[in-house]
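Content type mmCIF, C-alpha atoms, from the file start_23.cif:
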```
data_query
loop_
_atom_site.label_atom_id
_atom_site.label_comp_id
_atom_site.auth_asym_id
_atom_site.auth_seq_id
_atom_site.Cartn_x
_atom_site.Cartn_y
_atom_site.Cartn_z
CA MET D 1 -21.25 32.23 -11.49
CA GLN D 2 -23.83 31.77 -8.74
CA VAL D 3 -24.75 28.19 -7.78
CA GLU D 4 -28.06 27.79 -5.99
CA ALA D 5 -28.38 25.83 -2.76
CA GLN D 6 -29.10 22.12 -3.04
CA PRO D 7 -29.95 19.57 -0.33
CA GLY D 8 -26.81 19.35 1.82
CA VAL D 9 -24.90 21.99 -0.17
CA PRO D 10 -25.04 25.74 0.57
CA ALA D 11 -25.42 28.36 -2.13
CA TYR D 12 -22.08 29.60 -3.45
CA ARG D 13 -20.33 31.51 -6.21
CA LYS D 14 -17.70 29.82 -8.33
CA GLU D 15 -14.91 31.20 -10.46
CA GLU D 16 -13.14 28.53 -12.49
CA PHE D 17 -9.77 29.78 -13.70
CA SER D 18 -9.21 26.46 -15.45
CA GLY D 19 -11.04 23.22 -16.12
CA ARG D 20 -10.18 19.92 -14.43
CA THR D 21 -6.56 18.97 -15.14
CA SER D 22 -6.03 16.08 -12.71
CA SER D 23 -7.70 13.08 -11.11
CA TYR D 24 -7.22 14.74 -7.71
CA CYS D 25 -7.98 18.07 -6.12
CA VAL D 26 -6.89 19.93 -2.99
CA LEU D 27 -9.68 21.70 -1.08
CA ILE D 28 -8.48 24.57 1.11
CA PRO D 29 -11.12 26.15 3.38
CA VAL D 30 -10.23 29.78 4.14
CA ILE D 31 -11.68 32.90 5.69
CA ASN D 32 -9.57 36.03 6.08
CA GLU D 33 -6.27 34.13 6.19
CA GLY D 34 -4.38 37.12 4.77
CA GLU D 35 -0.70 36.55 4.09
CA ARG D 36 -0.87 33.00 5.48
CA ILE D 37 -2.83 31.60 2.52
CA GLN D 38 -0.65 33.47 0.05
CA ALA D 39 2.49 31.98 1.63
CA GLU D 40 0.94 28.51 1.60
CA LEU D 41 0.03 28.74 -2.07
CA ILE D 42 3.56 29.86 -2.96
CA ARG D 43 4.97 26.86 -1.08
CA ALA D 44 2.53 24.57 -2.91
CA GLN D 45 3.64 26.01 -6.23
CA LYS D 46 7.30 25.46 -5.42
CA ALA D 47 6.51 21.86 -4.45
CA GLY D 48 4.79 21.25 -7.80
CA VAL D 49 1.37 20.61 -6.28
CA PRO D 50 -0.59 22.27 -9.14
CA ASP D 51 0.97 19.71 -11.52
CA LEU D 52 -0.43 16.83 -9.43
CA ALA D 53 -3.80 18.15 -8.24
CA ASP D 54 -6.17 21.03 -8.89
CA ILE D 55 -6.14 23.56 -6.03
CA ILE D 56 -9.63 24.71 -5.08
CA LEU D 57 -10.13 27.43 -2.46
CA CYS D 58 -13.33 27.08 -0.41
CA ASP D 59 -13.86 30.61 0.88
CA GLY D 60 -16.23 31.32 3.74
CA GLY D 61 -16.56 34.98 2.75
CA SER D 62 -13.15 36.62 3.13
CA THR D 63 -13.05 40.42 3.22
CA ASP D 64 -9.29 40.97 3.60
CA GLY D 65 -8.38 40.83 -0.09
CA SER D 66 -6.54 37.51 0.25
CA THR D 67 -8.78 35.79 -2.32
CA GLU D 68 -8.53 38.35 -5.13
CA TRP D 69 -8.68 36.55 -8.46
CA GLU D 70 -5.40 37.79 -9.91
CA LYS D 71 -3.46 36.76 -6.76
CA LEU D 72 -4.98 33.31 -6.84
CA LYS D 73 -4.40 32.70 -10.54
CA LYS D 74 -0.74 33.70 -10.21
CA ALA D 75 -0.43 31.29 -7.27
CA GLY D 76 -1.68 28.33 -9.30
CA VAL D 77 -5.23 28.12 -7.96
CA ASN D 78 -7.61 26.28 -10.27
CA THR D 79 -10.97 27.40 -8.84
CA LEU D 80 -12.37 29.75 -6.19
CA LEU D 81 -15.63 28.82 -4.47
CA VAL D 82 -17.24 31.45 -2.22
CA LYS D 83 -19.93 30.25 0.17
CA THR D 84 -22.96 32.57 0.21
CA GLY D 85 -25.26 30.28 2.18
CA PRO D 86 -25.25 29.44 5.92
CA GLY D 87 -22.76 27.33 7.85
CA LYS D 88 -19.13 27.38 8.91
CA GLN D 89 -16.17 25.12 8.05
CA GLY D 90 -18.35 22.07 7.50
CA ALA D 91 -20.46 23.99 4.98
CA GLN D 92 -17.31 25.17 3.17
CA LEU D 93 -16.11 21.56 2.91
CA ARG D 94 -19.52 20.33 1.74
CA MET D 95 -19.46 22.99 -0.96
CA GLY D 96 -16.00 21.85 -2.04
CA ILE D 97 -16.79 18.13 -1.91
CA SER D 98 -19.96 18.63 -3.95
CA PHE D 99 -18.03 20.57 -6.59
CA ALA D 100 -15.23 17.97 -6.61
CA LEU D 101 -17.61 15.04 -7.04
CA ALA D 102 -19.50 16.81 -9.83
CA ARG D 103 -16.20 17.45 -11.61
CA GLY D 104 -15.32 13.76 -11.41
CA TYR D 105 -12.22 13.77 -9.22
CA GLU D 106 -11.09 10.36 -7.99
CA GLY D 107 -9.74 11.73 -4.72
CA VAL D 108 -9.93 14.82 -2.54
CA ILE D 109 -7.20 16.20 -0.28
CA THR D 110 -8.07 18.78 2.37
CA VAL D 111 -5.67 21.10 4.17
CA ASP D 112 -6.12 24.23 6.27
CA GLY D 113 -5.28 27.57 4.70
CA ASN D 114 -3.29 29.05 7.60
CA ASN D 115 0.17 27.90 6.41
CA LYS D 116 0.78 25.52 9.34
CA ASP D 117 0.79 22.30 7.31
CA SER D 118 3.44 20.73 5.10
CA VAL D 119 1.75 21.13 1.72
CA GLU D 120 4.94 19.57 0.38
CA SER D 121 3.51 16.26 1.71
CA ILE D 122 0.52 16.33 -0.65
CA PRO D 123 2.21 13.92 -3.13
CA LEU D 124 2.44 11.34 -0.33
CA LEU D 125 -1.32 11.54 0.32
CA ILE D 126 -2.04 11.25 -3.40
CA GLN D 127 0.16 8.16 -3.62
CA LYS D 128 -1.81 6.51 -0.83
CA LEU D 129 -5.04 7.19 -2.73
CA ARG D 130 -3.45 5.62 -5.81
CA ASP D 131 -2.48 2.62 -3.66
CA GLY D 132 -6.16 2.03 -2.90
CA TYR D 133 -6.63 3.74 0.46
CA ASP D 134 -9.96 5.47 1.05
CA PHE D 135 -9.06 7.64 4.06
CA VAL D 136 -5.55 8.98 4.61
CA GLN D 137 -4.92 10.94 7.82
CA GLY D 138 -1.90 13.22 8.00
CA SER D 139 -0.15 12.93 11.36
CA ARG D 140 2.62 14.91 12.99
CA PHE D 141 2.93 12.18 15.65
CA VAL D 142 3.91 9.14 13.56
CA LYS D 143 7.47 8.31 12.52
CA GLY D 144 8.68 10.95 10.08
CA GLY D 145 6.09 13.52 11.18
CA ARG D 146 6.97 16.79 12.86
CA ALA D 147 5.11 18.72 15.56
CA VAL D 148 6.72 22.13 15.91
CA ASN D 149 5.76 24.68 18.58
CA THR D 150 2.48 22.87 19.28
CA PRO D 151 0.73 24.62 22.21
CA TRP D 152 0.91 22.25 25.18
CA GLN D 153 -2.85 22.45 25.78
CA ARG D 154 -3.48 21.37 22.18
CA TRP D 155 -0.90 18.58 22.43
CA LEU D 156 -2.51 17.15 25.58
CA ALA D 157 -6.04 17.47 24.23
CA VAL D 158 -5.21 15.63 21.01
CA ARG D 159 -3.03 12.91 22.53
CA LEU D 160 -5.03 12.18 25.69
CA ILE D 161 -8.63 12.88 24.69
CA HIS D 162 -9.41 13.42 21.02
CA ALA D 163 -7.24 10.73 19.42
CA PRO D 164 -8.21 7.96 21.88
CA VAL D 165 -11.94 8.68 21.46
CA ILE D 166 -11.71 8.87 17.66
CA SER D 167 -9.69 5.64 17.61
CA LEU D 168 -12.31 3.92 19.74
CA THR D 169 -15.09 5.18 17.46
CA ALA D 170 -13.22 4.25 14.27
CA ARG D 171 -12.09 0.84 15.57
CA GLN D 172 -8.63 1.73 14.25
CA HIS D 173 -5.72 3.54 15.88
CA PHE D 174 -5.17 7.16 14.86
CA THR D 175 -2.80 9.68 16.43
CA ASP D 176 -3.55 13.17 15.05
CA THR D 177 -7.30 13.35 14.76
CA THR D 178 -7.91 17.10 14.85
CA ASN D 179 -5.61 17.52 11.87
CA ALA D 180 -7.61 18.50 8.77
CA PHE D 181 -4.70 17.55 6.48
CA ARG D 182 -6.08 14.32 5.02
CA ALA D 183 -7.35 12.64 1.85
CA TYR D 184 -10.56 10.87 0.85
CA SER D 185 -11.23 8.59 -2.09
CA ARG D 186 -14.23 9.16 -4.33
CA ARG D 187 -15.41 5.66 -3.40
CA TYR D 188 -15.54 6.73 0.25
CA LEU D 189 -17.33 10.03 -0.35
CA ILE D 190 -20.06 8.53 -2.56
CA HIS D 191 -20.61 5.44 -0.39
CA PRO D 192 -24.35 5.21 0.38
CA GLU D 193 -23.64 4.71 4.09
CA VAL D 194 -21.48 7.84 4.35
CA GLN D 195 -23.47 10.73 2.84
CA PRO D 196 -21.21 13.69 3.69
CA LEU D 197 -23.50 16.20 1.97
CA ARG D 198 -25.94 16.76 4.82
CA ASP D 199 -26.82 20.02 6.58
CA ILE D 200 -26.00 18.53 10.00
CA PHE D 201 -22.34 19.09 9.16
CA SER D 202 -22.09 22.82 9.81
CA GLY D 203 -18.91 23.22 11.86
CA TYR D 204 -16.34 20.57 12.82
CA GLU D 205 -18.78 17.64 12.73
CA LEU D 206 -17.78 16.54 9.24
CA LEU D 207 -14.08 16.23 10.10
CA ALA D 208 -14.85 14.06 13.12
CA TYR D 209 -17.32 11.90 11.21
CA LEU D 210 -15.11 11.30 8.18
CA SER D 211 -12.24 10.36 10.53
CA VAL D 212 -14.14 7.26 11.65
CA ARG D 213 -16.66 6.20 9.03
CA ALA D 214 -14.22 4.64 6.55
CA SER D 215 -12.82 2.04 8.93
CA GLN D 216 -16.27 1.41 10.40
CA LEU D 217 -17.37 0.36 6.91
CA GLY D 218 -14.30 -1.78 6.31
CA LEU D 219 -12.68 0.65 3.87
CA LYS D 220 -8.90 1.08 3.86
CA ALA D 221 -7.54 3.81 6.14
CA CYS D 222 -4.04 4.79 7.22
CA GLU D 223 -1.87 7.63 8.54
CA VAL D 224 1.08 9.30 6.81
CA PRO D 225 3.74 11.58 8.31
CA VAL D 226 3.25 15.32 7.86
CA ALA D 227 4.50 18.45 9.60
CA ARG D 228 2.40 20.98 11.47
CA VAL D 229 4.33 24.09 12.44
CA TYR D 230 2.92 26.75 14.76
CA PRO D 231 4.60 30.17 14.87
CA LYS D 232 7.12 30.66 17.67
CA THR D 233 5.53 33.91 18.79
CA GLY D 234 2.34 35.86 18.27
CA LYS D 235 -1.25 34.77 17.90
CA THR D 236 -1.88 31.07 17.26
CA PRO D 237 -3.58 30.64 13.86
CA THR D 238 -6.65 28.53 14.70
CA LYS D 239 -10.43 28.70 14.41
CA ILE D 240 -10.91 26.76 17.69
CA LYS D 241 -10.86 29.47 20.34
CA GLY D 242 -11.45 29.58 24.07
CA MET D 243 -13.60 27.46 26.34
CA ARG D 244 -16.62 27.69 24.08
CA GLY D 245 -14.74 26.36 21.05
CA ASN D 246 -13.22 23.47 22.96
CA THR D 247 -16.53 22.59 24.60
CA GLU D 248 -18.20 22.44 21.20
CA LEU D 249 -15.41 20.18 19.94
CA LEU D 250 -15.96 17.79 22.86
CA LYS D 251 -19.71 17.69 22.23
CA ILE D 252 -19.06 16.74 18.61
CA LEU D 253 -16.48 14.14 19.65
CA PHE D 254 -18.88 12.27 21.93
CA ALA D 255 -21.87 12.65 19.60
CA ASN D 256 -19.68 10.98 16.98
CA LEU D 257 -18.88 8.19 19.45
CA ARG D 258 -22.63 7.57 19.88
CA GLY D 259 -23.02 7.28 16.12
CA ALA D 260 -25.03 10.49 15.93
CA TYR D 261 -23.85 11.37 12.42
CA VAL D 262 -24.40 7.96 10.85
CA PRO D 263 -27.21 8.15 8.27
CA GLY D 264 -30.52 7.24 9.90
CA ASN D 265 -29.39 7.94 13.48
CA GLU D 266 -31.10 11.33 13.82
CA GLU D 267 -32.52 10.36 17.22
CA LYS D 268 -29.02 10.01 18.72
CA ARG D 269 -28.21 13.63 17.79
CA ARG D 270 -31.01 14.86 20.03
CA LYS D 271 -29.66 13.17 23.15
#
```
As C-alpha cells, what does this structure read like?
Amino acid sequence: MQVEAQPGVPAYRKEEFSGRTSSYCVLIPVINEGERIQAELIRAQKAGVPDLADIILCDGGSTDGSTEWEKLKKAGVNTLLVKTGPGKQGAQLRMGISFALARGYEGVITVDGNNKDSVESIPLLIQKLRDGYDFVQGSRFVKGGRAVNTPWQRWLAVRLIHAPVISLTARQHFTDTTNAFRAYSRRYLIHPEVQPLRDIFSGYELLAYLSVRASQLGLKACEVPVARVYPKTGKTPTKIKGMRGNTELLKILFANLRGAYVPGNEEKRRK
C-alpha cells in the first residue's frame, strides 16, 4: 500500500504482515544489507524479540533481494516500510516513527540492520522504558557492555570528540553517542518541544538531536550495556565513509550543540 508524503514524513510503501501485537516496536533502517540483516533477524528470533516487540524494517530502497516478503515473514518481521520519497537514514527513521506513533506503540527501539549490535539486549531496553525512562542509550563502553574489533579511529572519535560534545549538549553524561541502538518513549517522541517529524532530519541529524533533547527537557535518560561487534576482517559495515562522511558528522554535532535542531531555532541552522 502506498502512503503519500505528509509534512515531515516522506512517501513510502507499507506491507503489514501482521497487525500490532505489542506495546513496543523495533525499527531497523536498512538498505542493501544482504546477509547481514537476515543473520540479525535470525538472532532476534532466537532471542524471542518478536514475542516482546513488533519488528518493523525501514527500507531505504534495497535492490539486493534482502527484503523479499517471504524471507521477512519467516524471520518474524511484522511490517516492511519502503521509503519512496527523498532523504537518507533520518528520513527512514521519520517514516518508521510516524508509522509507530500512528499504530499507538508506547515505545520505539531502533537498531542498525548490519548485524553488529546485540539484538539479544532488546529486552533490557524495553524494561527501561517500562521503568519510566524516556531515552535509553545502548553503550558498549559502560560496565557489562562489549566493544569488539572497534576500528581505532572510530573508538577515538567517539570517546574523545563525539561523546564529550553530546554530553555537553545534553547536560548529562553519555559514552556511546554514535550508537543507534537505543529506545524512545512515546511521551518523548510526541513532546511538543521535540517534534522529530521534520524534513531537516535527512541524514544523521535526528540521531544526534534525539540523543540530547530528552535530558534538556528534564525527561529521564540513561545508558544500558550492549555489545557492538565489528568483523575481524573484511570491509567494515558502516554508512559513515571517508573524510566527507566524518566531516558531515562533525557539522551535525556542532550544529546540535548550538541548538540548531530545537523547534523554532531555524536561524541557528543557517550559521
Query raised in the report: Near segment 132-136 of chain D, within 6 Å and counting all atoms listed in the file, which residues show up once chain neighbours fewer than 3 positions away are dropped, as a ChimeraX atom specification?
Result: /D:128-129,182-185,188,220-223
Requested in this report: Run the PyMOL selection byres ((chain D and resi 90) around 9) against the file shown and list the residues it catches, as a ChimeraX atom specification.
Outcome: /D:87-89,91-95,199-207
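Interatomic distance, atom CA of Thr175 of chain D to atom CA of Ile161 of chain D: 10.6 Å.
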Let me know the residues the PyMOL selection byres ((chain D and resi 180) around 8) catches in the file above, as a PDB file with C-alpha atoms, keeping the file's coordinate frame.
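Saved the output as part-v1.pdb:
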```
ATOM      1  CA  THR D 110      -8.070  18.780   2.370  1.00  0.00           C
ATOM      2  CA  VAL D 111      -5.670  21.100   4.170  1.00  0.00           C
ATOM      3  CA  ASP D 112      -6.120  24.230   6.270  1.00  0.00           C
ATOM      4  CA  GLY D 138      -1.900  13.220   8.000  1.00  0.00           C
ATOM      5  CA  THR D 177      -7.300  13.350  14.760  1.00  0.00           C
ATOM      6  CA  THR D 178      -7.910  17.100  14.850  1.00  0.00           C
ATOM      7  CA  ASN D 179      -5.610  17.520  11.870  1.00  0.00           C
ATOM      8  CA  PHE D 181      -4.700  17.550   6.480  1.00  0.00           C
ATOM      9  CA  ARG D 182      -6.080  14.320   5.020  1.00  0.00           C
ATOM     10  CA  LEU D 207     -14.080  16.230  10.100  1.00  0.00           C
TER      11      LEU D 207
END
```
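When you apply the PyMOL selection byres ((chain D and resi 49) around 10) to this structure, what comes back is Cys25, Val26, Leu41, Arg43, Ala44, Gln45, Lys46, Ala47, Gly48, Pro50, Asp51, Leu52, Ala53, Asp54, Ile55, Gly76, Val119, Glu120, Ser121, Ile122 and Pro123 of chain D.
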Same residues, C-alpha atoms, saved as an mmCIF file, in the frame of the given file:
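Contents of selection-v8.cif, as written:
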```
data_model
loop_
_atom_site.group_PDB
_atom_site.id
_atom_site.type_symbol
_atom_site.label_atom_id
_atom_site.label_comp_id
_atom_site.auth_asym_id
_atom_site.auth_seq_id
_atom_site.Cartn_x
_atom_site.Cartn_y
_atom_site.Cartn_z
ATOM 1 C CA CYS D 25 -7.980 18.070 -6.120
ATOM 2 C CA VAL D 26 -6.890 19.930 -2.990
ATOM 3 C CA LEU D 41 0.030 28.740 -2.070
ATOM 4 C CA ARG D 43 4.970 26.860 -1.080
ATOM 5 C CA ALA D 44 2.530 24.570 -2.910
ATOM 6 C CA GLN D 45 3.640 26.010 -6.230
ATOM 7 C CA LYS D 46 7.300 25.460 -5.420
ATOM 8 C CA ALA D 47 6.510 21.860 -4.450
ATOM 9 C CA GLY D 48 4.790 21.250 -7.800
ATOM 10 C CA PRO D 50 -0.590 22.270 -9.140
ATOM 11 C CA ASP D 51 0.970 19.710 -11.520
ATOM 12 C CA LEU D 52 -0.430 16.830 -9.430
ATOM 13 C CA ALA D 53 -3.800 18.150 -8.240
ATOM 14 C CA ASP D 54 -6.170 21.030 -8.890
ATOM 15 C CA ILE D 55 -6.140 23.560 -6.030
ATOM 16 C CA GLY D 76 -1.680 28.330 -9.300
ATOM 17 C CA VAL D 119 1.750 21.130 1.720
ATOM 18 C CA GLU D 120 4.940 19.570 0.380
ATOM 19 C CA SER D 121 3.510 16.260 1.710
ATOM 20 C CA ILE D 122 0.520 16.330 -0.650
ATOM 21 C CA PRO D 123 2.210 13.920 -3.130
#
```
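Picture a line from atom CA of Arg36 of chain D to atom CA of Gly145 of chain D; it runs 21.5 Å.
When atom CA of Arg146 of chain D is paired with atom CA of Val224 of chain D, their separation reads 11.3 Å.
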Requested in this report: Rank D:Lys251, D:Arg171, D:Arg20, D:Arg228 by their smallest atom-to-atom distance to Trp155 of chain D, using all atoms listed in the file, and report the top residue only.
Outcome: D:Arg228
Query raised in the report: Which of these residues is nearest to Arg103 of chain D, using only C-alpha atoms: D:Gln2, D:Thr233, D:Ser22, D:Asn115?
Result: D:Ser22
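Among the candidates D:Phe99, D:Ala208, D:Leu72, D:Ile28, the one nearest to Ala11 of chain D when counting all atoms listed in the file is D:Phe99.
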Requested in this report: Could you tell me which of D:Gln6, D:Asn78, D:Gln137, D:Asn32 comes closest to Gly19 of chain D if we count only C-alpha atoms?
Outcome: D:Asn78
Find the smallest box with edges along x, y and z containing every listed atom of segment 87-91 of chain D, then add 3 Å on each side and report centre and edge lengths in Å to one decimal, as AutoDock Vina command-line options.
```
--center_x -19.5 --center_y 24.7 --center_z 6.9 --size_x 12.6 --size_y 11.3 --size_z 9.9
```
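Here the question is which of D:Gly259, D:Arg186, D:Ser98, D:Gly144 gets nearest to Leu168 of chain D using all atoms listed in the file, and that residue is D:Gly259.
Minimum atom-to-atom distance to His191 of chain D, evaluated using only C-alpha atoms, belongs to D:Arg213 out of D:Lys83, D:Lys232, D:Arg213, D:Arg140.
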Report task. Identify the residues around (-17.1, 15.2, 21.2) within a radius of 12 Å, measuring from only C-alpha atoms in the coordinates stated by the file, and give them as a VMD selection string. Result -> chain D and resid 157 to 158 161 to 166 169 177 to 178 204 to 205 207 to 209 245 to 261 269
